[in-house]
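Novice: Sharing structure30.pdb here; it has PDB, C-alpha atoms and all ligand atoms.
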ATOM      1  CA  MET D 292      -0.766  20.266  -5.564
ATOM      2  CA  PHE D 293      -0.667  18.975  -2.112
ATOM      3  CA  PHE D 294       2.534  16.948  -2.155
ATOM      4  CA  LYS D 295       4.497  19.337  -4.275
ATOM      5  CA  ARG D 296       3.649  22.098  -1.859
ATOM      6  CA  ASN D 297       4.995  19.955   0.912
ATOM      7  CA  ARG D 298       8.278  19.544  -0.833
ATOM      8  CA  ARG D 299       8.715  23.260  -1.066
ATOM      9  CA  SER D 300       7.866  23.799   2.539
ATOM     10  CA  GLY D 301      11.418  23.169   3.562
ATOM     11  CA  SER D 302      10.473  21.422   6.757
ATOM     12  CA  GLY D 303      11.030  17.871   5.923
ATOM     13  CA  LEU D 304       7.914  16.287   4.547
ATOM     14  CA  GLY D 305       5.843  19.002   6.072
ATOM     15  CA  PHE D 306       3.191  16.884   7.619
ATOM     16  CA  GLY D 307       4.107  17.899  11.052
ATOM     17  CA  VAL D 308       1.509  19.085  13.266
ATOM     18  CA  LEU D 309      -1.433  17.979  11.340
ATOM     19  CA  LEU D 310      -1.513  14.332  12.060
ATOM     20  CA  SER D 311      -3.645  13.817  15.088
ATOM     21  CA  CYS D 312      -4.384  10.402  16.380
ATOM     22  CA  VAL D 313      -7.342   8.203  16.295
ATOM     23  CA  VAL D 314      -6.428   4.714  15.323
ATOM     24  CA  SER D 315      -9.376   2.993  16.794
ATOM     25  CA  ALA D 316     -12.799   2.922  15.371
ATOM     26  CA  GLY D 317     -13.885   0.603  12.746
ATOM     27  CA  ALA D 318     -12.488   0.337   9.402
ATOM     28  CA  VAL D 319     -13.343   0.051   5.853
ATOM     29  CA  LEU D 320     -12.208   0.033   2.373
ATOM     30  CA  ALA D 321     -13.531   0.233  -0.941
ATOM     31  CA  GLY D 322     -11.520  -1.264  -3.545
ATOM     32  CA  CYS D 323     -10.896  -1.553  -6.976
ATOM     33  CA  SER D 324      -9.603  -4.317  -8.778
ATOM     34  CA  LYS D 325      -8.728  -3.497 -12.135
ATOM     35  CA  GLN D 326      -7.738  -6.304 -14.279
ATOM     36  CA  THR D 327      -5.208  -4.386 -16.251
ATOM     37  CA  GLY D 328      -3.872  -1.908 -13.782
ATOM     38  CA  GLY D 329      -3.158  -3.509 -10.528
ATOM     39  CA  THR D 330      -2.894  -2.839  -7.029
ATOM     40  CA  GLU D 331      -1.965   0.575  -5.781
ATOM     41  CA  SER D 332      -3.226   2.023  -8.999
ATOM     42  CA  GLN D 333      -6.786   0.795  -8.721
ATOM     43  CA  SER D 334      -9.318   2.959 -10.480
ATOM     44  CA  ALA D 335      -7.700   6.052  -9.114
ATOM     45  CA  GLU D 336      -4.834   6.176 -11.491
ATOM     46  CA  PRO D 337      -5.428   9.058 -13.883
ATOM     47  CA  SER D 338      -2.950   7.877 -16.475
ATOM     48  CA  GLU D 339      -4.852   4.702 -16.910
ATOM     49  CA  LYS D 340      -8.178   6.228 -17.640
ATOM     50  CA  GLY D 341      -9.113   5.749 -21.210
ATOM     51  CA  HIS D 342      -6.484   3.114 -21.642
ATOM     52  CA  ALA D 343      -8.521  -0.002 -21.263
ATOM     53  CA  MET D 344      -5.866  -2.361 -22.484
ATOM     54  CA  SER D 345      -2.796  -1.572 -20.419
ATOM     55  CA  SER D 346       0.080  -3.852 -21.199
ATOM     56  CA  HIS D 347       0.403  -7.034 -19.271
ATOM     57  CA  TRP D 348       3.027  -7.122 -16.558
ATOM     58  CA  SER D 349       4.071  -9.610 -13.938
ATOM     59  CA  TYR D 350       6.616 -10.269 -11.218
ATOM     60  CA  GLN D 351       8.959 -12.485 -13.211
ATOM     61  CA  GLY D 352      10.470 -13.120 -16.603
ATOM     62  CA  HIS D 353      10.179 -10.891 -19.640
ATOM     63  CA  ASP D 354       7.403  -8.748 -18.191
ATOM     64  CA  GLY D 355       8.833  -8.699 -14.670
ATOM     65  CA  PRO D 356       9.836  -5.601 -12.626
ATOM     66  CA  SER D 357      13.114  -4.894 -14.448
ATOM     67  CA  HIS D 358      11.169  -4.676 -17.724
ATOM     68  CA  TRP D 359       8.071  -2.771 -16.601
ATOM     69  CA  GLY D 360       9.354   0.556 -17.933
ATOM     70  CA  ASP D 361       9.720  -0.902 -21.432
ATOM     71  CA  LEU D 362       6.373  -2.661 -21.650
ATOM     72  CA  ASP D 363       4.220   0.408 -22.254
ATOM     73  CA  PRO D 364       4.879   4.164 -22.621
ATOM     74  CA  LEU D 365       2.487   4.626 -19.705
ATOM     75  CA  TYR D 366       4.889   2.664 -17.509
ATOM     76  CA  GLU D 367       7.927   4.834 -18.242
ATOM     77  CA  LEU D 368       8.299   6.097 -14.674
ATOM     78  CA  CYS D 369       8.960   2.509 -13.596
ATOM     79  CA  LYS D 370      12.452   2.957 -15.076
ATOM     80  CA  THR D 371      12.966   6.738 -15.209
ATOM     81  CA  GLY D 372      11.388   7.776 -11.915
ATOM     82  CA  ALA D 373      13.675   9.056  -9.160
ATOM     83  CA  ARG D 374      11.120   8.740  -6.351
ATOM     84  CA  GLN D 375      10.069   5.131  -6.679
ATOM     85  CA  SER D 376       8.732   2.653  -4.156
ATOM     86  CA  PRO D 377       9.325   0.396  -2.368
ATOM     87  CA  ILE D 378      12.596   1.271  -0.619
ATOM     88  CA  ASP D 379      14.824  -0.172   2.063
ATOM     89  CA  ILE D 380      14.095   1.973   5.131
ATOM     90  CA  ILE D 381      17.446   2.868   6.671
ATOM     91  CA  GLY D 382      18.631   5.922   8.559
ATOM     92  CA  ALA D 383      15.322   7.676   9.100
ATOM     93  CA  ALA D 384      15.340  11.153  10.615
ATOM     94  CA  ARG D 385      13.180  11.683  13.678
ATOM     95  CA  ASN D 386      10.733  14.547  13.285
ATOM     96  CA  ALA D 387       9.327  15.697  16.614
ATOM     97  CA  ALA D 388       6.480  17.465  14.851
ATOM     98  CA  LEU D 389       4.990  14.264  13.466
ATOM     99  CA  ARG D 390       1.893  12.850  15.130
ATOM    100  CA  PRO D 391       0.004   9.536  15.044
ATOM    101  CA  LEU D 392      -1.989   8.931  11.897
ATOM    102  CA  ALA D 393      -5.524  10.279  12.002
ATOM    103  CA  VAL D 394      -7.187   7.089  10.886
ATOM    104  CA  ASP D 395     -10.970   6.930  11.009
ATOM    105  CA  TYR D 396     -11.831   3.502   9.641
ATOM    106  CA  ARG D 397     -15.268   1.853   9.726
ATOM    107  CA  SER D 398     -16.390  -1.725   9.537
ATOM    108  CA  THR D 399     -17.020  -3.142   6.114
ATOM    109  CA  SER D 400     -18.327  -6.130   4.315
ATOM    110  CA  VAL D 401     -15.584  -8.041   2.539
ATOM    111  CA  LYS D 402     -15.289  -8.778  -1.146
ATOM    112  CA  VAL D 403     -12.034 -10.555  -1.992
ATOM    113  CA  THR D 404     -10.458 -10.166  -5.414
ATOM    114  CA  ASN D 405      -7.589 -11.990  -7.045
ATOM    115  CA  ASN D 406      -6.607  -9.434  -9.728
ATOM    116  CA  GLY D 407      -3.695 -11.468 -11.021
ATOM    117  CA  HIS D 408      -1.185  -9.258  -9.206
ATOM    118  CA  ALA D 409      -2.392  -9.270  -5.614
ATOM    119  CA  ILE D 410      -5.193 -10.295  -3.324
ATOM    120  CA  GLN D 411      -7.317  -7.227  -2.741
ATOM    121  CA  VAL D 412     -10.295  -6.474  -0.564
ATOM    122  CA  ASP D 413     -13.023  -4.159  -1.762
ATOM    123  CA  CYS D 414     -15.234  -2.663   0.847
ATOM    124  CA  ASP D 415     -17.801  -0.157   1.745
ATOM    125  CA  GLU D 416     -17.290   3.582   1.667
ATOM    126  CA  GLY D 417     -16.764   5.584   4.823
ATOM    127  CA  SER D 418     -13.218   4.973   6.019
ATOM    128  CA  VAL D 419     -10.998   8.023   5.951
ATOM    129  CA  LEU D 420      -7.423   9.041   6.697
ATOM    130  CA  HIS D 421      -6.943  12.722   7.551
ATOM    131  CA  VAL D 422      -3.638  14.277   6.487
ATOM    132  CA  GLU D 423      -2.933  17.973   6.765
ATOM    133  CA  GLY D 424      -6.593  18.805   7.051
ATOM    134  CA  ARG D 425      -7.494  16.825   3.959
ATOM    135  CA  ASP D 426      -9.645  13.719   3.787
ATOM    136  CA  PHE D 427      -8.269  10.685   2.007
ATOM    137  CA  ALA D 428     -10.886   8.004   1.419
ATOM    138  CA  LEU D 429      -9.746   4.416   1.870
ATOM    139  CA  LEU D 430     -10.289   2.774  -1.508
ATOM    140  CA  GLN D 431      -9.009  -0.745  -0.947
ATOM    141  CA  PHE D 432      -6.346  -2.790   0.740
ATOM    142  CA  HIS D 433      -4.258  -5.602  -0.686
ATOM    143  CA  PHE D 434      -1.345  -7.826   0.162
ATOM    144  CA  HIS D 435       2.184  -8.597  -0.993
ATOM    145  CA  SER D 436       4.502 -11.475  -0.128
ATOM    146  CA  PRO D 437       7.314 -11.110   0.647
ATOM    147  CA  SER D 438       7.090  -7.522   1.890
ATOM    148  CA  GLU D 439       7.905  -4.759  -0.598
ATOM    149  CA  HIS D 440       9.475  -2.385   1.934
ATOM    150  CA  TRP D 441      12.550  -3.591   3.761
ATOM    151  CA  VAL D 442      13.798  -2.248   7.082
ATOM    152  CA  ASP D 443      17.551  -2.109   7.738
ATOM    153  CA  GLY D 444      18.285  -4.425   4.837
ATOM    154  CA  LYS D 445      15.689  -7.055   5.617
ATOM    155  CA  PRO D 446      12.362  -8.030   4.054
ATOM    156  CA  PHE D 447       9.351  -9.334   5.986
ATOM    157  CA  ALA D 448       7.012 -12.254   5.259
ATOM    158  CA  MET D 449       4.164 -10.057   4.024
ATOM    159  CA  GLU D 450       3.004  -6.471   3.690
ATOM    160  CA  SER D 451      -0.461  -4.987   3.372
ATOM    161  CA  HIS D 452      -1.164  -1.687   1.603
ATOM    162  CA  PHE D 453      -4.094   0.558   2.479
ATOM    163  CA  VAL D 454      -4.667   2.842  -0.499
ATOM    164  CA  HIS D 455      -6.280   6.256   0.067
ATOM    165  CA  GLN D 456      -7.180   9.049  -2.305
ATOM    166  CA  ASP D 457      -8.401  12.612  -1.813
ATOM    167  CA  ALA D 458     -10.825  14.529  -4.009
ATOM    168  CA  ASP D 459      -7.967  15.826  -6.165
ATOM    169  CA  GLY D 460      -6.573  12.378  -6.848
ATOM    170  CA  ASN D 461      -3.606  12.571  -4.444
ATOM    171  CA  LEU D 462      -2.666   9.178  -3.058
ATOM    172  CA  VAL D 463      -1.581   8.146   0.414
ATOM    173  CA  VAL D 464      -0.686   4.536   1.187
ATOM    174  CA  ILE D 465      -0.235   2.999   4.631
ATOM    175  CA  GLY D 466       2.032  -0.069   4.613
ATOM    176  CA  VAL D 467       1.827  -2.683   7.366
ATOM    177  CA  LEU D 468       4.644  -5.214   7.631
ATOM    178  CA  MET D 469       3.973  -8.761   8.805
ATOM    179  CA  VAL D 470       6.337 -11.302  10.355
ATOM    180  CA  GLU D 471       5.781 -15.023  10.494
ATOM    181  CA  GLY D 472       4.361 -16.069  13.833
ATOM    182  CA  ARG D 473       0.895 -16.714  15.178
ATOM    183  CA  GLU D 474      -2.173 -16.848  13.012
ATOM    184  CA  ASN D 475      -3.511 -13.373  12.257
ATOM    185  CA  PRO D 476      -7.122 -13.392  13.486
ATOM    186  CA  ALA D 477      -8.250 -10.496  11.284
ATOM    187  CA  LEU D 478      -6.946 -12.169   8.131
ATOM    188  CA  ALA D 479      -8.396 -15.494   9.261
ATOM    189  CA  LYS D 480     -11.908 -14.078   8.869
ATOM    190  CA  PHE D 481     -11.635 -13.938   5.093
ATOM    191  CA  TRP D 482      -8.404 -15.745   4.136
ATOM    192  CA  ASP D 483     -10.232 -18.919   3.108
ATOM    193  CA  TYR D 484     -12.192 -16.913   0.534
ATOM    194  CA  MET D 485      -9.079 -16.006  -1.477
ATOM    195  CA  PRO D 486      -9.792 -16.935  -5.093
ATOM    196  CA  MET D 487      -7.147 -19.138  -6.679
ATOM    197  CA  LEU D 488      -8.029 -17.713 -10.089
ATOM    198  CA  GLU D 489      -8.517 -14.138 -11.305
ATOM    199  CA  ARG D 490     -11.926 -13.246  -9.999
ATOM    200  CA  SER D 491     -13.825 -11.673  -7.099
ATOM    201  CA  VAL D 492     -15.669 -13.433  -4.330
ATOM    202  CA  ASP D 493     -18.403 -11.870  -2.241
ATOM    203  CA  THR D 494     -18.402 -13.049   1.341
ATOM    204  CA  ASP D 495     -20.746 -12.721   4.287
ATOM    205  CA  VAL D 496     -17.833 -11.536   6.381
ATOM    206  CA  THR D 497     -17.691  -8.130   8.075
ATOM    207  CA  ILE D 498     -14.436  -6.833   9.514
ATOM    208  CA  GLN D 499     -13.122  -3.824  11.340
ATOM    209  CA  VAL D 500     -10.429  -2.562   9.014
ATOM    210  CA  SER D 501      -8.502  -1.063  11.920
ATOM    211  CA  ASP D 502      -7.933  -4.635  13.137
ATOM    212  CA  LEU D 503      -5.451  -4.911  10.274
ATOM    213  CA  LEU D 504      -3.330  -2.040  11.606
ATOM    214  CA  PRO D 505      -0.846  -2.350  14.476
ATOM    215  CA  LYS D 506      -1.956  -0.729  17.740
ATOM    216  CA  GLU D 507       1.441   0.906  18.099
ATOM    217  CA  PRO D 508       1.206   4.199  16.122
ATOM    218  CA  ARG D 509       4.878   4.669  15.198
ATOM    219  CA  TYR D 510       5.720   4.909  11.502
ATOM    220  CA  HIS D 511       8.239   5.870   8.831
ATOM    221  CA  THR D 512       7.118   8.295   6.143
ATOM    222  CA  TYR D 513       8.532   9.322   2.774
ATOM    223  CA  GLU D 514       7.444  10.346  -0.708
ATOM    224  CA  GLY D 515       7.381   7.564  -3.261
ATOM    225  CA  SER D 516       5.306   5.908  -5.931
ATOM    226  CA  LEU D 517       2.887   3.167  -6.750
ATOM    227  CA  THR D 518       4.788  -0.132  -6.550
ATOM    228  CA  THR D 519       2.981  -1.482  -9.615
ATOM    229  CA  PRO D 520       2.770  -0.112 -13.176
ATOM    230  CA  PRO D 521       2.361   2.717 -14.034
ATOM    231  CA  CYS D 522       4.606   3.461 -11.011
ATOM    232  CA  SER D 523       3.119   6.981 -10.665
ATOM    233  CA  GLU D 524       4.958   9.221  -8.211
ATOM    234  CA  ASP D 525       3.759  11.783  -5.670
ATOM    235  CA  VAL D 526       2.441   9.014  -3.449
ATOM    236  CA  LEU D 527       2.824   9.734   0.247
ATOM    237  CA  TRP D 528       3.831   6.621   2.188
ATOM    238  CA  PHE D 529       3.423   5.772   5.853
ATOM    239  CA  VAL D 530       5.042   2.432   6.722
ATOM    240  CA  MET D 531       4.097   1.327  10.212
ATOM    241  CA  LYS D 532       7.091   0.384  12.376
ATOM    242  CA  THR D 533       5.458  -2.420  14.353
ATOM    243  CA  PRO D 534       4.839  -5.564  12.315
ATOM    244  CA  LEU D 535       1.774  -7.725  12.753
ATOM    245  CA  GLU D 536       2.034 -11.506  12.924
ATOM    246  CA  VAL D 537       0.856 -13.886  10.220
ATOM    247  CA  SER D 538       1.133 -17.668  10.370
ATOM    248  CA  LYS D 539       3.276 -19.701   8.016
ATOM    249  CA  LYS D 540       0.084 -21.389   6.874
ATOM    250  CA  GLN D 541      -1.522 -18.044   6.025
ATOM    251  CA  VAL D 542       1.543 -16.981   4.032
ATOM    252  CA  GLU D 543       1.537 -20.287   2.177
ATOM    253  CA  ALA D 544      -2.155 -19.936   1.331
ATOM    254  CA  PHE D 545      -1.471 -16.483  -0.088
ATOM    255  CA  LEU D 546       1.471 -17.687  -2.175
ATOM    256  CA  ALA D 547      -0.615 -20.586  -3.487
ATOM    257  CA  ALA D 548      -3.230 -18.105  -4.717
ATOM    258  CA  ILE D 549      -1.058 -15.374  -6.206
ATOM    259  CA  GLY D 550       2.654 -16.292  -5.965
ATOM    260  CA  GLU D 551       5.413 -13.896  -4.892
ATOM    261  CA  ASN D 552       4.359 -10.345  -5.777
ATOM    262  CA  ALA D 553       6.947  -7.928  -4.417
ATOM    263  CA  ARG D 554       8.671  -5.289  -6.528
ATOM    264  CA  PRO D 555      12.383  -5.098  -5.590
ATOM    265  CA  VAL D 556      13.470  -2.130  -3.456
ATOM    266  CA  GLN D 557      14.248   0.987  -5.480
ATOM    267  CA  PRO D 558      17.026   3.612  -5.173
ATOM    268  CA  ARG D 559      16.327   6.096  -2.414
ATOM    269  CA  ASN D 560      18.215   8.894  -4.190
ATOM    270  CA  ASP D 561      18.018  12.182  -2.309
ATOM    271  CA  ARG D 562      14.842  11.443  -0.431
ATOM    272  CA  VAL D 563      14.483  11.943   3.290
ATOM    273  CA  ILE D 564      12.765   9.268   5.355
ATOM    274  CA  GLU D 565      11.203  10.704   8.478
ATOM    275  CA  GLU D 566      10.072   8.759  11.510
ATOM    276  CA  TYR D 567       7.506   9.224  14.198
TER     277      TYR D 567
HETATM  278 ZN    ZN A 601       0.747  -2.704  -2.928
END
Would you kindly transcribe this structure into structure tokens?
Ligand SMILES: [Zn+2]
Specialist:
Amino acid sequence: MFFKRNRRSGSGLGFGVLLSCVVSAGAVLAGCSKQTGGTESQSAEPSEKGHAMSSHWSYQGHDGPSHWGDLDPLYELCKTGARQSPIDIIGAARNAALRPLAVDYRSTSVKVTNNGHAIQVDCDEGSVLHVEGRDFALLQFHFHSPSEHWVDGKPFAMESHFVHQDADGNLVVIGVLMVEGRENPALAKFWDYMPMLERSVDTDVTIQVSDLLPKEPRYHTYEGSLTTPPCSEDVLWFVMKTPLEVSKKQVEAFLAAIGENARPVQPRNDRVIEEY
């Protein structure tokens, strides 16, 4: 397995050399909105296949994050996992071998889904992230507020997650932090279509997915998990260092549609965070 091999490589996360740059082109996503699973997991989560009625979970109360691991045997890693996400990013180690992400995103039509846990955008096929010579197809992107990852002890107003999967089912997620400021023009194209109830809305909007990534290519990277049940591990994370701006009004519209949907930061344990 790809990620396990990396861990044995002995050179940090082992992605070194392979990440060449390209953040430019279009963008895309295909998504998945499963009603029972959630967000990062989308249809890609093997443990959910054949389990049509995953237990309900939420971000507060008796089925909130501190209880996820007890809600369903499939969610056990949420409480027993040692490589969970999100984390507070502190004390990253610079790795001179790391390179900009090889993102090759296309434009896509936008379908916006409120899956009860997040606002997610499903898009057309064709966007790819190349990591260590492997192609990871962009499946979907979705949003959290406040941010799930913290940096130096502080959360951000929002965070978007771009979920990628290779042919063997390995997952790579790019996280983009957002601070409150000016209106985000890329979000503005489809933000008004956000469903207030659990459903999907087709739009006539087309966007360049790369417009939702910062131009500055610097990032933090570490090995973590899905941030929603079943909290599966062996997820490779790239959290971009430069936040995008989002207006207070845009954050409020998101919270009105879905409410706060951030899992608390998890113990880092013995993991190394590397930075480019
Ligand atoms: Zn997410």
Novice: Within 9 Å of ligand ZN 601 (chain A), counting only C-alpha atoms and all ligand atoms, which protein or nucleic acid residues do you find, written as an NGL selection string?
Specialist: :D and (329-332 or 409 or 432-435 or 439 or 450-454 or 464 or 466 or 517-519 or 552-553)
Novice: Using the chain letters and residue numbers of this document, give as a PyMOL selection string the residues selected by the PyMOL selection byres (((chain D and resi 401) around 8) and not hetatm).
Specialist: chain D and resi 399-400+402-403+412-414+481+493-498
Novice: Neighbouring residues of D:Glu566 were defined as those with any atom within 6 Å, considering only C-alpha atoms; residues of the same chain fewer than 5 positions away were excluded. Please report them as a PyMOL selection string.
Specialist: chain D and resi 383-385+510-511
Novice: Any chance you could tabulate, as a tab-separated table, the residues of stretch 476-563 of chain D at most 12 Å from stretch 354-378 of chain D with each one's nearest atom pair and distance in Å to one decimal, using only C-alpha atoms, in chain and rising number order?
Specialist:
residue	atom	partner	partner_atom	distance
D:His511	CA	D:Ile378	CA	11.4
D:Thr512	CA	D:Ile378	CA	11.2
D:Tyr513	CA	D:Arg374	CA	9.5
D:Glu514	CA	D:Arg374	CA	6.9
D:Gly515	CA	D:Gln375	CA	5.0
D:Ser516	CA	D:Gln375	CA	4.9
D:Leu517	CA	D:Ser376	CA	6.4
D:Thr518	CA	D:Ser376	CA	5.4
D:Thr519	CA	D:Cys369	CA	8.2
D:Pro520	CA	D:Tyr366	CA	5.6
D:Pro521	CA	D:Tyr366	CA	4.3
D:Cys522	CA	D:Cys369	CA	5.2
D:Ser523	CA	D:Leu368	CA	6.6
D:Glu524	CA	D:Arg374	CA	6.5
D:Asp525	CA	D:Arg374	CA	8.0
D:Val526	CA	D:Ser376	CA	9.0
D:Leu527	CA	D:Ser376	CA	10.2
D:Trp528	CA	D:Ser376	CA	8.9
D:Phe529	CA	D:Pro377	CA	11.5
D:Val530	CA	D:Pro377	CA	10.3
D:Glu551	CA	D:Gly355	CA	11.6
D:Asn552	CA	D:Pro356	CA	10.0
D:Ala553	CA	D:Pro377	CA	8.9
D:Arg554	CA	D:Pro356	CA	6.2
D:Pro555	CA	D:Pro377	CA	7.1
D:Val556	CA	D:Ile378	CA	4.5
D:Gln557	CA	D:Ile378	CA	5.1
D:Pro558	CA	D:Ile378	CA	6.8
D:Arg559	CA	D:Ile378	CA	6.4
D:Asn560	CA	D:Ala373	CA	6.7
D:Asp561	CA	D:Ala373	CA	8.7
D:Arg562	CA	D:Arg374	CA	7.5
D:Val563	CA	D:Arg374	CA	10.7
Novice: Counting all atoms listed in the file, what is within 12 Å of D:Met469, bar same-chain residues fewer than 3 positions away, as a VMD selection string?
Specialist: chain D and resid 434 to 442 446 to 452 466 472 to 475 478 503 to 505 530 to 539 541 to 542
Novice: Please evaluate the PyMOL selection byres (((chain D and resi 387) around 8) and not hetatm) against the displayed coordinates and give the resulting residues as a list in words.
Specialist: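 This file, filtered by the PyMOL selection byres (((chain D and resi 387) around 8) and not hetatm), leaves Gly307, Arg385, Asn386, Ala388, Leu389 and Tyr567 of chain D.
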Novice: Produce a file of the selected residues containing C-alpha atoms, as a PDB file, in the frame of the given file.
Specialist:
ATOM      1  CA  GLY D 307       4.107  17.899  11.052  1.00  0.00           C
ATOM      2  CA  ARG D 385      13.180  11.683  13.678  1.00  0.00           C
ATOM      3  CA  ASN D 386      10.733  14.547  13.285  1.00  0.00           C
ATOM      4  CA  ALA D 388       6.480  17.465  14.851  1.00  0.00           C
ATOM      5  CA  LEU D 389       4.990  14.264  13.466  1.00  0.00           C
ATOM      6  CA  TYR D 567       7.506   9.224  14.198  1.00  0.00           C
TER       7      TYR D 567
END
Novice: Would you mind telling me which residue in D:Ser418, D:Asp443, D:Tyr396, D:Lys506 lies nearest to D:Asp379 when using all atoms listed in the file?
Specialist: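 For D:Asp379, the nearest of the candidates is D:Asp443.
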Novice: Using Å and a single decimal, report how far atom CA of D:Gly417 sits from atom CA of D:Ser398.
Specialist: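 Those two atoms sit 8.7 Å apart.
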Novice: Report, in Å with one decimal, the straight-line distance from atom CA of D:Ala477 to atom CA of D:Gly444.
Specialist: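 Between atom CA of D:Ala477 and atom CA of D:Gly444 the gap works out to 28.0 Å.
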Novice: Give as JSON, numbers by chain each residue that has an atom at most 6 Å from (-11.9, -2.1, 11.3) in the file, counting all atoms listed in the file.
Specialist: {"D": [317, 318, 396, 397, 398, 498, 499, 500, 501, 502]}
Novice: Which one of D:Val492, D:Ala544, D:Leu429, D:Met485 sits closest to D:Ile410 if you count all atoms listed in the file?
Specialist: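 For D:Ile410, the nearest of the given residues is D:Met485.
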Novice: Could you work out how far atom CA of D:Arg390 lies from atom CA of D:Ala458, giving the answer in Å with one decimal?
Specialist: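 Going from atom CA of D:Ala458 over to atom CA of D:Arg390 covers 23.0 Å.
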Novice: Using the chain letters and numbering of this document, enumerate as a PyMOL selection string the residues selected by the PyMOL selection byres (((chain D and resi 489) around 7) and not hetatm).
Specialist: chain D and resi 405-407+486-488+490
Novice: Calculated over all atoms listed in the file, which of the candidates D:Ser346, D:Asn461, D:Gln351, D:Ser491 has the smallest distance to D:Asp426?
Specialist: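 Using all atoms listed in the file, D:Asp426 sits closest to D:Asn461.
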Novice: Counting all atoms listed in the file, figure out which residue out of D:Pro391, D:Gly460, D:Pro476, D:Gly424 gets nearest to D:Pro508.
Specialist: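 Residue with the minimum atom-to-atom distance to D:Pro508: D:Pro391.
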Novice: For stretch 468-480 of chain D, which lacks atoms in the input, supply N, CA, C and O atoms and format the output as an mmCIF file, in the frame of the given file.
Specialist:
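Writing done, so here's out35.cif:
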data_model
loop_
_atom_site.group_PDB
_atom_site.id
_atom_site.type_symbol
_atom_site.label_atom_id
_atom_site.label_comp_id
_atom_site.auth_asym_id
_atom_site.auth_seq_id
_atom_site.Cartn_x
_atom_site.Cartn_y
_atom_site.Cartn_z
ATOM 1 N N LEU D 468 3.764 -4.058 7.794
ATOM 2 C CA LEU D 468 4.644 -5.214 7.631
ATOM 3 C C LEU D 468 4.139 -6.369 8.490
ATOM 4 O O LEU D 468 3.521 -6.148 9.537
ATOM 5 N N MET D 469 4.400 -7.586 8.037
ATOM 6 C CA MET D 469 3.973 -8.761 8.805
ATOM 7 C C MET D 469 5.099 -9.778 8.904
ATOM 8 O O MET D 469 5.735 -10.108 7.899
ATOM 9 N N VAL D 470 5.322 -10.273 10.118
ATOM 10 C CA VAL D 470 6.337 -11.302 10.355
ATOM 11 C C VAL D 470 5.643 -12.638 10.592
ATOM 12 O O VAL D 470 4.491 -12.690 11.030
ATOM 13 N N GLU D 471 6.359 -13.703 10.293
ATOM 14 C CA GLU D 471 5.781 -15.023 10.494
ATOM 15 C C GLU D 471 5.711 -15.339 11.980
ATOM 16 O O GLU D 471 6.676 -15.138 12.711
ATOM 17 N N GLY D 472 4.554 -15.772 12.409
ATOM 18 C CA GLY D 472 4.361 -16.069 13.833
ATOM 19 C C GLY D 472 3.021 -16.736 14.036
ATOM 20 O O GLY D 472 2.693 -17.713 13.364
ATOM 21 N N ARG D 473 2.225 -16.155 14.919
ATOM 22 C CA ARG D 473 0.895 -16.714 15.178
ATOM 23 C C ARG D 473 -0.075 -16.379 14.059
ATOM 24 O O ARG D 473 0.156 -15.438 13.300
ATOM 25 N N GLU D 474 -1.146 -17.125 14.008
ATOM 26 C CA GLU D 474 -2.173 -16.848 13.012
ATOM 27 C C GLU D 474 -2.714 -15.435 13.227
ATOM 28 O O GLU D 474 -2.947 -15.016 14.361
ATOM 29 N N ASN D 475 -2.938 -14.710 12.154
ATOM 30 C CA ASN D 475 -3.511 -13.373 12.257
ATOM 31 C C ASN D 475 -5.035 -13.508 12.254
ATOM 32 O O ASN D 475 -5.632 -13.915 11.256
ATOM 33 N N PRO D 476 -5.669 -13.174 13.370
ATOM 34 C CA PRO D 476 -7.122 -13.392 13.486
ATOM 35 C C PRO D 476 -7.955 -12.535 12.538
ATOM 36 O O PRO D 476 -9.017 -12.968 12.090
ATOM 37 N N ALA D 477 -7.482 -11.354 12.203
ATOM 38 C CA ALA D 477 -8.250 -10.496 11.284
ATOM 39 C C ALA D 477 -8.218 -11.083 9.873
ATOM 40 O O ALA D 477 -9.231 -11.116 9.174
ATOM 41 N N LEU D 478 -7.043 -11.548 9.458
ATOM 42 C CA LEU D 478 -6.946 -12.169 8.131
ATOM 43 C C LEU D 478 -7.738 -13.466 8.089
ATOM 44 O O LEU D 478 -8.353 -13.811 7.070
ATOM 45 N N ALA D 479 -7.735 -14.182 9.216
ATOM 46 C CA ALA D 479 -8.396 -15.494 9.261
ATOM 47 C C ALA D 479 -9.878 -15.403 8.908
ATOM 48 O O ALA D 479 -10.463 -16.358 8.408
ATOM 49 N N LYS D 480 -10.466 -14.229 9.146
ATOM 50 C CA LYS D 480 -11.908 -14.078 8.869
ATOM 51 C C LYS D 480 -12.249 -14.215 7.389
ATOM 52 O O LYS D 480 -13.365 -14.583 7.041
#
